[in-house]
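**Student:** Questions regarding the structure given below will be posed in turn.
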Amino acid sequence: MSLGLCCLLFISVSVCYWVPADCYANGKVSKVCGSMEPHHGAPGQTTASPYHLATNTTTFNPGDHIKVVLSGTSYFEGFLLEARDAANQGSVSTTGTFTLTNPNRTQLLTCNKQQGSAVSHTSDARQTEVTVIWKAPHDAPSEVHFFVTVVAHYSVFWVKLPGPIIYRHGVTPHPTPPTTTSPPIQTTTPSILPGPFNSDGCGELKSCLLDPPGCDPQDSHCFFLSMTTDRQDKMSVIFELSGPAEGYVAFALSWDTWMGNDDVYMCVKDGDRVSVSAAFVSGRTHPDDETQSGISSVSWQLADGVIQCRFSRPVKMADQEPGRYDLDQEYFLFLTSGHAQYGKVRKHSQQPLVSSHRKRVTGPPQVLTGSRGPIIMKMHGALMLLAWMLTGSVGVFIASFYKCDWPNQTLLGQKVWFQVHRGLMMLTVTLTAVAFCLPFFYRKGWSKHAGVHPYLGCCVVALSLLQPVMAVFRPQPDSHRRFIFNWAHWGLGYVIESVAVAAMFLGTSQSSLLLPQPWATHVLIAYVTWVASFRLLLLIHKRFYLKKCRETFVKLIGSFMKSIILAVLALGNSGLLVALLSSIVEI
């Protein structure tokens with residue numbers, strides 16, 4: 001919850017739903033006009049392309065309109081089409097402009113400050129053919145070469161495929177059209193790990209972060225990150241990353257415990273292969289500028305539900321690599337995972353594991369600890385559980401079933417049951433109000449991804465604050481309108497308690513404070529069953545012994561037994577509360 005928006009890492013939400021490809025699925029790729037290279041964190045294909053680029057003529061005059069057709073024997077999700085001066089292979093400048101024939105599927109881009117000088121897709125809708133019209137400029141070069149980058153799906157694409165060359169009238173065509181393209185993109189070719197790595201040497205030879213602590217990286221429920229400075233040149237660091245093979249595992253270097261401005265490294269499963277890439281996360285969005293630059297010695301393994309990858313990175317990167325942090329500095333470490341489709345990473349399903357303190361990557365080896373639950377959110381959960389599993393629950397029981405007890409005993413001028421009830425309920429309202437504010441401080445806005453839970457929390461707080469207001473204006477006990485207050489106060493109290501219980505059930509599955517499932521749900525079911533059993537027991541007692549309430553002997557015996565029942569109820573509630581609080585501490 002929060003007053004306007006909420007947050008923490010990774011990875012790998014919002015407009016792009018944490019799918020990097022979806023952000024480029026809109027075709028707004030003007031920033032790669034020069035290289036024509038998709039920033040998808042995977043190397044371009046070197047095999048023969050199933051796509052073909054053709055024109056309806058081989059010659060042109062300035063001002064002519066030429067039909068250009070991109071077709072394929074298989075579907076493609078994206079493309080980038082440009083026309084360039086064929087005589088100047090080193091130039092990245094485009095020439096001429098395009099006109100669309102299907103504006104629903106294609107769009108014009110501005111490259112080199114020239115509007116309409118390139119064409120791309122408008123969505124990742126699959127298609128097999130695109131037709132556009134190219135207009136030759138008045139200062140057209142003598143030879144024009146068409147190029148296209150085609151994306152079959154996120155990690156399968158062909159970069160800068162050469163198309164036909166057309167010539168101005170009067171220019172003699174080359175005997176053999178040139179087939180050379182721009183220099184191949186330098187990428188890292190991954191290899192298969194010779195065997196799974198493990199946690200041997202953690203704290204002695206390498207620094208490690210594990211979740212749960214002490215787990216085996218070969219276990220599909222274990223998240224593992226290790227960092228080892230190269231012993232020979234001291235100029236590079238070897239990273240090992242392991243986790244469930246549901247899609248991807250990733251870690252980030254961050255200056256703080258808040259997601260944003262982070263240097264991210266991802267191992268992404270794509271079919272039966274794994275790609276390793278670096279990226280930069282500027283906020284609670286998809287990773288930007290994915291690249292393999294600086295990453296070397298990549299190897300990976302997929303086995304027994306576990307994804308493992310190992311790679312090396314220089315301690316210091318060149319200035320032209322923005323977003324790559326100096327490893328000789330101290331950072332918080334984020335570790336996360338999530339699903340991937342065709343190599344596209346989706347939003348992580350649970351809160352990232354964040355190291356408990358900053359760590360200098362090249363520093364002495366140590367075993368690091370971390371938490372997936374921010375302290376402020378742990379406090380929120382603990383205070384809400386304390387309010388509605390103990391103080392509020394016991395306070396409601398006292399008002400409902402203990403008015404006949406301790407009739408001659410007073411506390412500060414009021415009957416004991418009333419003072420205890422009022423004290424517990426005021427404490428409950430205070431705890432609820434404080435707990436309610438904490439997510440707002442943490443999120444700095446309303447949580448858009450918390451489902452119904454924050455709305456139920458708002459109802460609980462609003463109705464809880466209404467109860468003492470009603471009590472202040474209640475009629476005197478002998479007033480003929482007193483029954484209205486009694487019924488309203490009683491009914492509203494049970495509504496609040498019911499909504500609070502529903503909010504607790506939903507709260508255990510929130511990503512910012514994800515309790516062990518289904519264990520946490522079972523504990524809450526046990527709590528509801530426990531309280532309902534005591535309520536039924538006391539209702540039966542109240543129904544059959546209400547008329548005997550004024551008989552001294554029976555009243556004394558009944559009060560004693562009911563006091564025992566109240567104590568047992570409070571102890572049971574406390575035990576179940578402690579069970580949930582202990583799980584919050586361990587997150």
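In the structure tokens, the first chain shown is A, the next is B, and so on; residue numbers restart at 1 for each chain, and ligands run from 1 in the order shown.
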Extract the full set of strand (DSSP E or B) residues from range 47-250 of chain A according to DSSP on the backbone, and format it as a PyMOL selection string.
**Tutor:** chain A and resi 51-55+59-60+65-76+78-85+94+97-100+106-111+114-121+127-135+143-153+156-168+191-192+202+206-211+223-229+236-244+247-250
**Student:** Mind checking which residues fall within 9 Å of range 151-156 of chain A, counting only C-alpha atoms, ignoring those fewer than 2 positions away in the same chain, and posting them as an MDAnalysis selection string?
**Tutor:** chainID A and resid 21 38 40:45 74:80 124 126 149 158:159 270 275 341:344
**Student:** Once you have the residues from the selection above, write them out as a PDB file, in the first residue's frame, restricted to N, CA and C atoms.
**Tutor:**
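The resulting selection00.pdb:
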ATOM      1  N   ALA A  21      11.383  -7.349 -24.215  1.00  0.00           N
ATOM      2  CA  ALA A  21      11.049  -7.343 -25.620  1.00  0.00           C
ATOM      3  C   ALA A  21       9.800  -6.555 -25.879  1.00  0.00           C
ATOM      4  N   PRO A  38      19.612  -5.451 -32.372  1.00  0.00           N
ATOM      5  CA  PRO A  38      18.683  -5.482 -31.232  1.00  0.00           C
ATOM      6  C   PRO A  38      19.445  -5.662 -29.925  1.00  0.00           C
ATOM      7  N   HIS A  40      19.034  -7.422 -27.250  1.00  0.00           N
ATOM      8  CA  HIS A  40      18.289  -8.529 -26.663  1.00  0.00           C
ATOM      9  C   HIS A  40      19.172  -9.448 -25.836  1.00  0.00           C
ATOM     10  N   GLY A  41      20.418  -9.072 -25.633  1.00  0.00           N
ATOM     11  CA  GLY A  41      21.273  -9.874 -24.765  1.00  0.00           C
ATOM     12  C   GLY A  41      21.644 -11.224 -25.348  1.00  0.00           C
ATOM     13  N   ALA A  42      21.567 -11.380 -26.652  1.00  0.00           N
ATOM     14  CA  ALA A  42      21.930 -12.640 -27.296  1.00  0.00           C
ATOM     15  C   ALA A  42      22.604 -12.326 -28.616  1.00  0.00           C
ATOM     16  N   PRO A  43      23.480 -13.198 -29.090  1.00  0.00           N
ATOM     17  CA  PRO A  43      24.152 -12.943 -30.366  1.00  0.00           C
ATOM     18  C   PRO A  43      23.206 -13.138 -31.539  1.00  0.00           C
ATOM     19  N   GLY A  44      23.454 -12.395 -32.623  1.00  0.00           N
ATOM     20  CA  GLY A  44      22.675 -12.585 -33.829  1.00  0.00           C
ATOM     21  C   GLY A  44      22.978 -13.934 -34.469  1.00  0.00           C
ATOM     22  N   GLN A  45      22.031 -14.438 -35.233  1.00  0.00           N
ATOM     23  CA  GLN A  45      22.204 -15.728 -35.890  1.00  0.00           C
ATOM     24  C   GLN A  45      23.226 -15.623 -37.022  1.00  0.00           C
ATOM     25  N   SER A  74       9.075 -18.267 -42.709  1.00  0.00           N
ATOM     26  CA  SER A  74       8.584 -18.445 -41.336  1.00  0.00           C
ATOM     27  C   SER A  74       8.214 -17.075 -40.788  1.00  0.00           C
ATOM     28  N   TYR A  75       7.459 -17.062 -39.723  1.00  0.00           N
ATOM     29  CA  TYR A  75       6.985 -15.807 -39.147  1.00  0.00           C
ATOM     30  C   TYR A  75       8.129 -14.994 -38.552  1.00  0.00           C
ATOM     31  N   PHE A  76       7.945 -13.683 -38.485  1.00  0.00           N
ATOM     32  CA  PHE A  76       8.859 -12.824 -37.737  1.00  0.00           C
ATOM     33  C   PHE A  76       8.031 -11.847 -36.907  1.00  0.00           C
ATOM     34  N   GLU A  77       8.608 -11.393 -35.783  1.00  0.00           N
ATOM     35  CA  GLU A  77       7.908 -10.512 -34.846  1.00  0.00           C
ATOM     36  C   GLU A  77       8.347  -9.056 -34.971  1.00  0.00           C
ATOM     37  N   GLY A  78       9.516  -8.819 -35.532  1.00  0.00           N
ATOM     38  CA  GLY A  78      10.009  -7.449 -35.640  1.00  0.00           C
ATOM     39  C   GLY A  78      11.021  -7.310 -36.755  1.00  0.00           C
ATOM     40  N   PHE A  79      11.238  -6.059 -37.190  1.00  0.00           N
ATOM     41  CA  PHE A  79      12.228  -5.823 -38.236  1.00  0.00           C
ATOM     42  C   PHE A  79      12.634  -4.350 -38.216  1.00  0.00           C
ATOM     43  N   LEU A  80      13.748  -4.045 -38.858  1.00  0.00           N
ATOM     44  CA  LEU A  80      14.221  -2.679 -39.066  1.00  0.00           C
ATOM     45  C   LEU A  80      14.804  -2.616 -40.471  1.00  0.00           C
ATOM     46  N   ASP A 124       4.558  -6.813 -31.719  1.00  0.00           N
ATOM     47  CA  ASP A 124       5.214  -8.100 -31.944  1.00  0.00           C
ATOM     48  C   ASP A 124       4.261  -9.119 -32.577  1.00  0.00           C
ATOM     49  N   ARG A 126       2.858 -11.508 -35.178  1.00  0.00           N
ATOM     50  CA  ARG A 126       3.622 -12.294 -36.150  1.00  0.00           C
ATOM     51  C   ARG A 126       3.123 -12.025 -37.574  1.00  0.00           C
ATOM     52  N   THR A 149      17.169  -5.886 -40.478  1.00  0.00           N
ATOM     53  CA  THR A 149      17.338  -6.765 -39.322  1.00  0.00           C
ATOM     54  C   THR A 149      15.982  -7.390 -39.038  1.00  0.00           C
ATOM     55  N   TRP A 158      18.374 -12.010 -36.989  1.00  0.00           N
ATOM     56  CA  TRP A 158      19.457 -11.838 -37.965  1.00  0.00           C
ATOM     57  C   TRP A 158      19.719 -10.345 -38.113  1.00  0.00           C
ATOM     58  N   VAL A 159      20.968  -9.949 -37.954  1.00  0.00           N
ATOM     59  CA  VAL A 159      21.321  -8.534 -37.928  1.00  0.00           C
ATOM     60  C   VAL A 159      21.837  -8.071 -39.289  1.00  0.00           C
ATOM     61  N   ASP A 270      16.602 -20.088 -22.778  1.00  0.00           N
ATOM     62  CA  ASP A 270      15.867 -19.970 -24.038  1.00  0.00           C
ATOM     63  C   ASP A 270      15.866 -21.351 -24.684  1.00  0.00           C
ATOM     64  N   SER A 275      21.533 -17.822 -22.301  1.00  0.00           N
ATOM     65  CA  SER A 275      22.286 -16.647 -22.732  1.00  0.00           C
ATOM     66  C   SER A 275      22.640 -15.823 -21.497  1.00  0.00           C
ATOM     67  N   GLN A 341      10.211 -16.275 -21.582  1.00  0.00           N
ATOM     68  CA  GLN A 341       9.612 -16.887 -22.756  1.00  0.00           C
ATOM     69  C   GLN A 341      10.363 -16.430 -23.987  1.00  0.00           C
ATOM     70  N   TYR A 342      10.870 -17.380 -24.745  1.00  0.00           N
ATOM     71  CA  TYR A 342      11.712 -17.069 -25.898  1.00  0.00           C
ATOM     72  C   TYR A 342      12.862 -16.151 -25.509  1.00  0.00           C
ATOM     73  N   GLY A 343      13.398 -16.356 -24.329  1.00  0.00           N
ATOM     74  CA  GLY A 343      14.497 -15.530 -23.874  1.00  0.00           C
ATOM     75  C   GLY A 343      14.095 -14.193 -23.329  1.00  0.00           C
ATOM     76  N   LYS A 344      12.795 -13.889 -23.231  1.00  0.00           N
ATOM     77  CA  LYS A 344      12.318 -12.613 -22.703  1.00  0.00           C
ATOM     78  C   LYS A 344      12.091 -12.769 -21.204  1.00  0.00           C
TER      79      LYS A 344
END
**Student:** With only C-alpha atoms as the counted atoms, please give the residues lying no more than 8 Å from Ala140 in chain A, apart from itself and same-chain residues fewer than 2 positions off, as a ChimeraX atom specification.
**Tutor:** /A:62,95-96,136-138,142
**Student:** Residues within 12 Å of Pro212 in chain A, please, as a PyMOL selection string. Count only C-alpha atoms; anything in the same chain fewer than 4 positions from it doesn't count.
**Tutor:** chain A and resi 208+216-217+219-225+243+335+353+368-372+586-587
**Student:** As an MDAnalysis selection string, please: the residues near Asp230 in chain A (cut-off 12 Å, only C-alpha atoms, same-chain neighbours under 3 positions excluded).
**Tutor:** chainID A and resid 205:206 227 233:239 311:315 361:363
**Student:** Those selected residues, please, written with N, CA, C and O atoms and delivered as an mmCIF file, in the first residue's frame.
**Tutor:**
data_model
loop_
_atom_site.group_PDB
_atom_site.id
_atom_site.type_symbol
_atom_site.label_atom_id
_atom_site.label_comp_id
_atom_site.auth_asym_id
_atom_site.auth_seq_id
_atom_site.Cartn_x
_atom_site.Cartn_y
_atom_site.Cartn_z
ATOM 1 N N LEU A 205 37.712 -18.933 -0.298
ATOM 2 C CA LEU A 205 38.266 -18.598 -1.607
ATOM 3 C C LEU A 205 37.397 -17.627 -2.380
ATOM 4 O O LEU A 205 37.880 -16.952 -3.296
ATOM 5 N N LYS A 206 36.133 -17.560 -2.021
ATOM 6 C CA LYS A 206 35.202 -16.705 -2.760
ATOM 7 C C LYS A 206 34.114 -16.199 -1.827
ATOM 8 O O LYS A 206 33.836 -16.807 -0.787
ATOM 9 N N MET A 227 31.482 -14.789 -6.035
ATOM 10 C CA MET A 227 32.362 -13.817 -6.678
ATOM 11 C C MET A 227 33.803 -14.152 -6.306
ATOM 12 O O MET A 227 34.120 -14.261 -5.115
ATOM 13 N N ASP A 233 45.769 -12.161 -12.574
ATOM 14 C CA ASP A 233 45.952 -10.763 -12.982
ATOM 15 C C ASP A 233 45.244 -9.767 -12.066
ATOM 16 O O ASP A 233 45.508 -8.562 -12.144
ATOM 17 N N LYS A 234 44.347 -10.256 -11.190
ATOM 18 C CA LYS A 234 43.600 -9.389 -10.264
ATOM 19 C C LYS A 234 42.787 -8.317 -10.996
ATOM 20 O O LYS A 234 42.320 -7.360 -10.394
ATOM 21 N N MET A 235 42.639 -8.492 -12.308
ATOM 22 C CA MET A 235 41.956 -7.472 -13.103
ATOM 23 C C MET A 235 40.550 -7.874 -13.521
ATOM 24 O O MET A 235 39.874 -7.142 -14.225
ATOM 25 N N SER A 236 40.112 -9.071 -13.116
ATOM 26 C CA SER A 236 38.780 -9.537 -13.484
ATOM 27 C C SER A 236 38.177 -10.334 -12.335
ATOM 28 O O SER A 236 38.890 -10.782 -11.435
ATOM 29 N N VAL A 237 36.873 -10.484 -12.365
ATOM 30 C CA VAL A 237 36.146 -11.215 -11.336
ATOM 31 C C VAL A 237 35.307 -12.295 -12.008
ATOM 32 O O VAL A 237 34.657 -12.064 -13.038
ATOM 33 N N ILE A 238 35.347 -13.495 -11.445
ATOM 34 C CA ILE A 238 34.550 -14.610 -11.948
ATOM 35 C C ILE A 238 33.278 -14.711 -11.111
ATOM 36 O O ILE A 238 33.328 -14.786 -9.883
ATOM 37 N N PHE A 239 32.139 -14.690 -11.780
ATOM 38 C CA PHE A 239 30.841 -14.809 -11.115
ATOM 39 C C PHE A 239 30.234 -16.176 -11.404
ATOM 40 O O PHE A 239 30.324 -16.681 -12.531
ATOM 41 N N PHE A 311 30.681 -16.684 -15.583
ATOM 42 C CA PHE A 311 31.271 -15.759 -16.539
ATOM 43 C C PHE A 311 32.269 -14.854 -15.822
ATOM 44 O O PHE A 311 32.305 -14.787 -14.593
ATOM 45 N N SER A 312 33.069 -14.162 -16.614
ATOM 46 C CA SER A 312 34.084 -13.264 -16.074
ATOM 47 C C SER A 312 33.810 -11.854 -16.561
ATOM 48 O O SER A 312 33.262 -11.654 -17.656
ATOM 49 N N ARG A 313 34.191 -10.869 -15.730
ATOM 50 C CA ARG A 313 34.018 -9.462 -16.086
ATOM 51 C C ARG A 313 35.172 -8.657 -15.543
ATOM 52 O O ARG A 313 35.602 -8.872 -14.393
ATOM 53 N N PRO A 314 35.718 -7.721 -16.334
ATOM 54 C CA PRO A 314 36.822 -6.898 -15.828
ATOM 55 C C PRO A 314 36.404 -6.099 -14.593
ATOM 56 O O PRO A 314 35.238 -5.700 -14.470
ATOM 57 N N VAL A 315 37.332 -5.855 -13.711
ATOM 58 C CA VAL A 315 37.058 -5.052 -12.527
ATOM 59 C C VAL A 315 36.646 -3.645 -12.928
ATOM 60 O O VAL A 315 35.696 -3.074 -12.387
ATOM 61 N N VAL A 361 33.142 -6.051 -4.146
ATOM 62 C CA VAL A 361 33.193 -7.281 -4.925
ATOM 63 C C VAL A 361 34.587 -7.894 -4.913
ATOM 64 O O VAL A 361 34.746 -9.113 -4.835
ATOM 65 N N THR A 362 35.608 -7.064 -4.970
ATOM 66 C CA THR A 362 36.980 -7.570 -4.971
ATOM 67 C C THR A 362 37.550 -7.714 -3.565
ATOM 68 O O THR A 362 38.739 -7.968 -3.408
ATOM 69 N N GLY A 363 36.708 -7.540 -2.559
ATOM 70 C CA GLY A 363 37.164 -7.605 -1.176
ATOM 71 C C GLY A 363 37.409 -9.027 -0.704
ATOM 72 O O GLY A 363 37.271 -10.000 -1.460
#
**Student:** Got a sec: who's within 8 Å of Thr97 in chain A, counting only C-alpha atoms, leaving out chain neighbours fewer than 3 positions off, as a list in words?
**Tutor:**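 The filter keeps Gln115, Gly116, Ser117, Ala118, Trp134, Lys135, Ala136 and Pro137 of chain A.
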**Student:** From the list A:Gln366, A:Ser337, A:Thr94, A:Asn486, which residue is nearest Gly201 in chain A when using only C-alpha atoms?
**Tutor:**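 Once distances to Gly201 in chain A are computed over only C-alpha atoms, the minimum belongs to A:Gln366.
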**Student:** Using only C-alpha atoms, find the one residue out of A:Met470, A:Ile484, A:Cys458, A:Cys267 that sits nearest to Ala503 in chain A.
**Tutor:**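 With only C-alpha atoms as the atom set, the closest residue is A:Cys458.
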**Student:** Using only C-alpha atoms, find the one residue out of A:Ser282, A:Ser207, A:Thr229, A:Ser299 that sits nearest to Ser191 in chain A.
**Tutor:**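 When distances to Ser191 in chain A are compared using only C-alpha atoms, the smallest one comes from A:Ser299.
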